[in-house]
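Notes for the one structure printed next.
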Amino acid sequence: MPSRDPLPPLRTVVVDDEPLARDCVRLALGRHPDIEVVAECAEGAAAVSAIRRETPDLVFLDVQMPGLDGFGVIQTFGPERMPPTVFVTAYDAHAIRAFELHAADYLLKPFDDARFSEALRHVRRQIGRSRDSELARRLVALLGEVRSESPADPPGPRSHATRILVPQGDRLEFLPLESVDWIEAAGNYVRLHAGPREEQVRITLTGLVEQLDPATFVRIHRSTVVNVRRIRSVHPWFGGDYTATLSDGRELRVSRYYRDALLKTVS
């Protein structure tokens with residue numbers, strides 16, 4: 001019997017306004033050889049264009065985005081033409097009920113490897129069926145239920161990242177951000193310093209800072225962010241700059257342009 005030709009990879013679009021969240025999804029998808037990421041989008045209008053242009057088999061769609069949000073993407077593109085969609089959301093448990101009832105699947109930020117794999121298995125089963133009309137019906141029901149929620153009960157505020165995916169050989173590992181002492185820029189990457197451990201992740205420092213808790217992580221230089229809980233002392237240096245001494249004795253330069261924000265945080 002002749003061997004069957006392998007199935008083509010699932011063409012996938014990843015949509016999220018948070019660079020760190022997009023990286024997490026893309027890196028997690030990289031472990032699955034039957035998935036091809038054909039586009040990444042940081043906002044809703046670009047997502048609509050990418051879905052029309054690429055005609056993907058699967059979409060990972062952030063719900064809460066400035067401007068055109070995830071629900072707006074569905075309404076603009078049309079539920080009847082929307083590919084199978086995994087929603088990525090920071091909605092609270094109350095609002096999650098709508099996703100459980102109507103969505104192809106969803107990921108609640110922050111998600112772990114097990115939950116990601118479960119969502120992917122679920123959506124693969126759905127893609128394997130002829131269910132376009134059923135998917136459209138469920139998306140319409142989802143839009144109706146979420147959009148009709150009382151304005152007095154809005155979704156909770158977006159939570160700050162508590163961990164970050166770092167590559168470890170042929171797998172990905174979550175590194176708790178609370179264990180990170182300081183972070184330095186390295187072009188389109190950052191280096192995370194956690195005790196003797198050093199990890200490099202593909203994201204700009206500015207992009208990462210947007211996801212961090214400003215009460216814990218403070219930028220002290222254009223290329224450096226520090227965990228203020230690791231600072232032992234701060235001393236004046238030259239030209240208005242300061243030095244921050246960490247609990248392990250390492251000294252980091254504090255630019256005069258960032259010193260006030262640091263001193264306000266540690267005071």
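Going by the structure tokens order, chains are called A, B, ..., each with residues numbered from 1, while ligands are numbered from 1 in the order shown.
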
- Query: What's the 8 Å shell around segment 34-47 of chain A, counting only C-alpha atoms, without same-chain residues fewer than 6 positions away, as a list in words?
  - Reply: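 Surrounding residues, per the criterion: Pro8, Pro9, Leu10, Arg11, Thr12, Val13, Val14, Val15, Asp16, Asp17, Glu18, Pro19, Arg22, Arg26, Glu54, Pro56, Met65, Pro66, Gly67, Leu68, Asp69, Gly70, Gly72 and Val73 of chain A.
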
- Within 12 Å of Val225 of chain A using only C-alpha atoms, minus same-chain residues under 5 positions, as a PyMOL selection string: chain A and resi 180-185+190-193+204-206+208-210+212-214+216-220+230-231+244+252-255+258-259+261-262

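Nearest-residue note for Arg52 of chain A: choosing from A:Met82, A:Cys24, A:Val201, A:Leu177, the minimum distance belongs to A:Met82, counting only C-alpha atoms.
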
- Item | For atom CA of Val123 of chain A and atom CA of Val86 of chain A, the interatomic separation in Å (one decimal) |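 Interatomic distance here is 7.5 Å.
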
- Task: Check the smallest atom-to-atom distance from each of A:Arg256, A:His122, A:Arg197, A:Arg115 to Val166 of chain A using only C-alpha atoms, then report the winner.
- Result: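 For Val166 of chain A, the nearest of the candidates is A:Arg197.
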
- Pick from A:Gly187, A:Ala194, A:Gln200, A:Thr85: nearest to Ser247 of chain A, with only C-alpha atoms counted?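 Under the stated criterion, the closest residue is A:Ala194.
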
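Using only C-alpha atoms, the smallest distance between any of A:Phe87, A:Tyr189, A:Phe111, A:Phe238 and Phe60 of chain A comes from A:Phe87.
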
- Message: Ranking A:Glu198, A:Pro83, A:Leu20, A:Phe77 by minimum distance to Pro110 of chain A and counting only C-alpha atoms, which one comes first?
- Response: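 The shortest atom-to-atom distance to Pro110 of chain A comes from A:Leu20.
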
- Can you check which residues of segment 162-220 of chain A DSSP gives as strand (DSSP E) on the backbone and send them as an NGL selection string? :A and (163-168 or 171-176 or 182-186 or 189-194 or 197-201 or 217-220)

Just C-alpha atoms for this one: save the residues we selected as a PDB file, in the first residue's frame.
ATOM      1  CA  ARG A 163       6.908  34.465  34.399  1.00  0.00           C
ATOM      2  CA  ILE A 164       8.562  34.266  31.018  1.00  0.00           C
ATOM      3  CA  LEU A 165       9.223  31.415  28.594  1.00  0.00           C
ATOM      4  CA  VAL A 166      12.919  30.718  28.041  1.00  0.00           C
ATOM      5  CA  PRO A 167      14.325  28.178  25.562  1.00  0.00           C
ATOM      6  CA  GLN A 168      16.044  25.151  27.099  1.00  0.00           C
ATOM      7  CA  ARG A 171      11.878  22.594  25.033  1.00  0.00           C
ATOM      8  CA  LEU A 172      10.596  25.738  26.701  1.00  0.00           C
ATOM      9  CA  GLU A 173      10.664  26.458  30.407  1.00  0.00           C
ATOM     10  CA  PHE A 174       8.833  29.063  32.472  1.00  0.00           C
ATOM     11  CA  LEU A 175      11.172  31.268  34.506  1.00  0.00           C
ATOM     12  CA  PRO A 176       9.450  33.091  37.407  1.00  0.00           C
ATOM     13  CA  TRP A 182      18.206  42.420  36.659  1.00  0.00           C
ATOM     14  CA  ILE A 183      17.702  42.539  32.908  1.00  0.00           C
ATOM     15  CA  GLU A 184      19.891  43.977  30.165  1.00  0.00           C
ATOM     16  CA  ALA A 185      19.189  44.777  26.529  1.00  0.00           C
ATOM     17  CA  ALA A 186      20.949  42.823  23.784  1.00  0.00           C
ATOM     18  CA  TYR A 189      16.904  40.199  22.794  1.00  0.00           C
ATOM     19  CA  VAL A 190      17.120  40.617  26.549  1.00  0.00           C
ATOM     20  CA  ARG A 191      19.399  38.826  28.983  1.00  0.00           C
ATOM     21  CA  LEU A 192      17.757  37.802  32.236  1.00  0.00           C
ATOM     22  CA  HIS A 193      20.077  37.507  35.238  1.00  0.00           C
ATOM     23  CA  ALA A 194      18.706  35.334  38.036  1.00  0.00           C
ATOM     24  CA  ARG A 197      21.662  31.809  35.893  1.00  0.00           C
ATOM     25  CA  GLU A 198      21.585  33.824  32.663  1.00  0.00           C
ATOM     26  CA  GLU A 199      18.936  33.376  29.971  1.00  0.00           C
ATOM     27  CA  GLN A 200      18.435  35.119  26.638  1.00  0.00           C
ATOM     28  CA  VAL A 201      14.934  35.722  25.256  1.00  0.00           C
ATOM     29  CA  PHE A 217      10.929  46.223  37.965  1.00  0.00           C
ATOM     30  CA  VAL A 218      12.305  49.710  37.300  1.00  0.00           C
ATOM     31  CA  ARG A 219      14.324  50.924  34.353  1.00  0.00           C
ATOM     32  CA  ILE A 220      17.577  52.482  35.577  1.00  0.00           C
TER      33      ILE A 220
END

- atom CA of Asp248 of chain A to atom CA of Lys264 of chain A, distance in Å rounded to a single decimal: 22.4 Å

- Message: Just the number, please: distance in Å from atom CA of Gly249 of chain A to atom CA of Val226 of chain A, one decimal.
- Response: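 So the answer is 13.6 Å.
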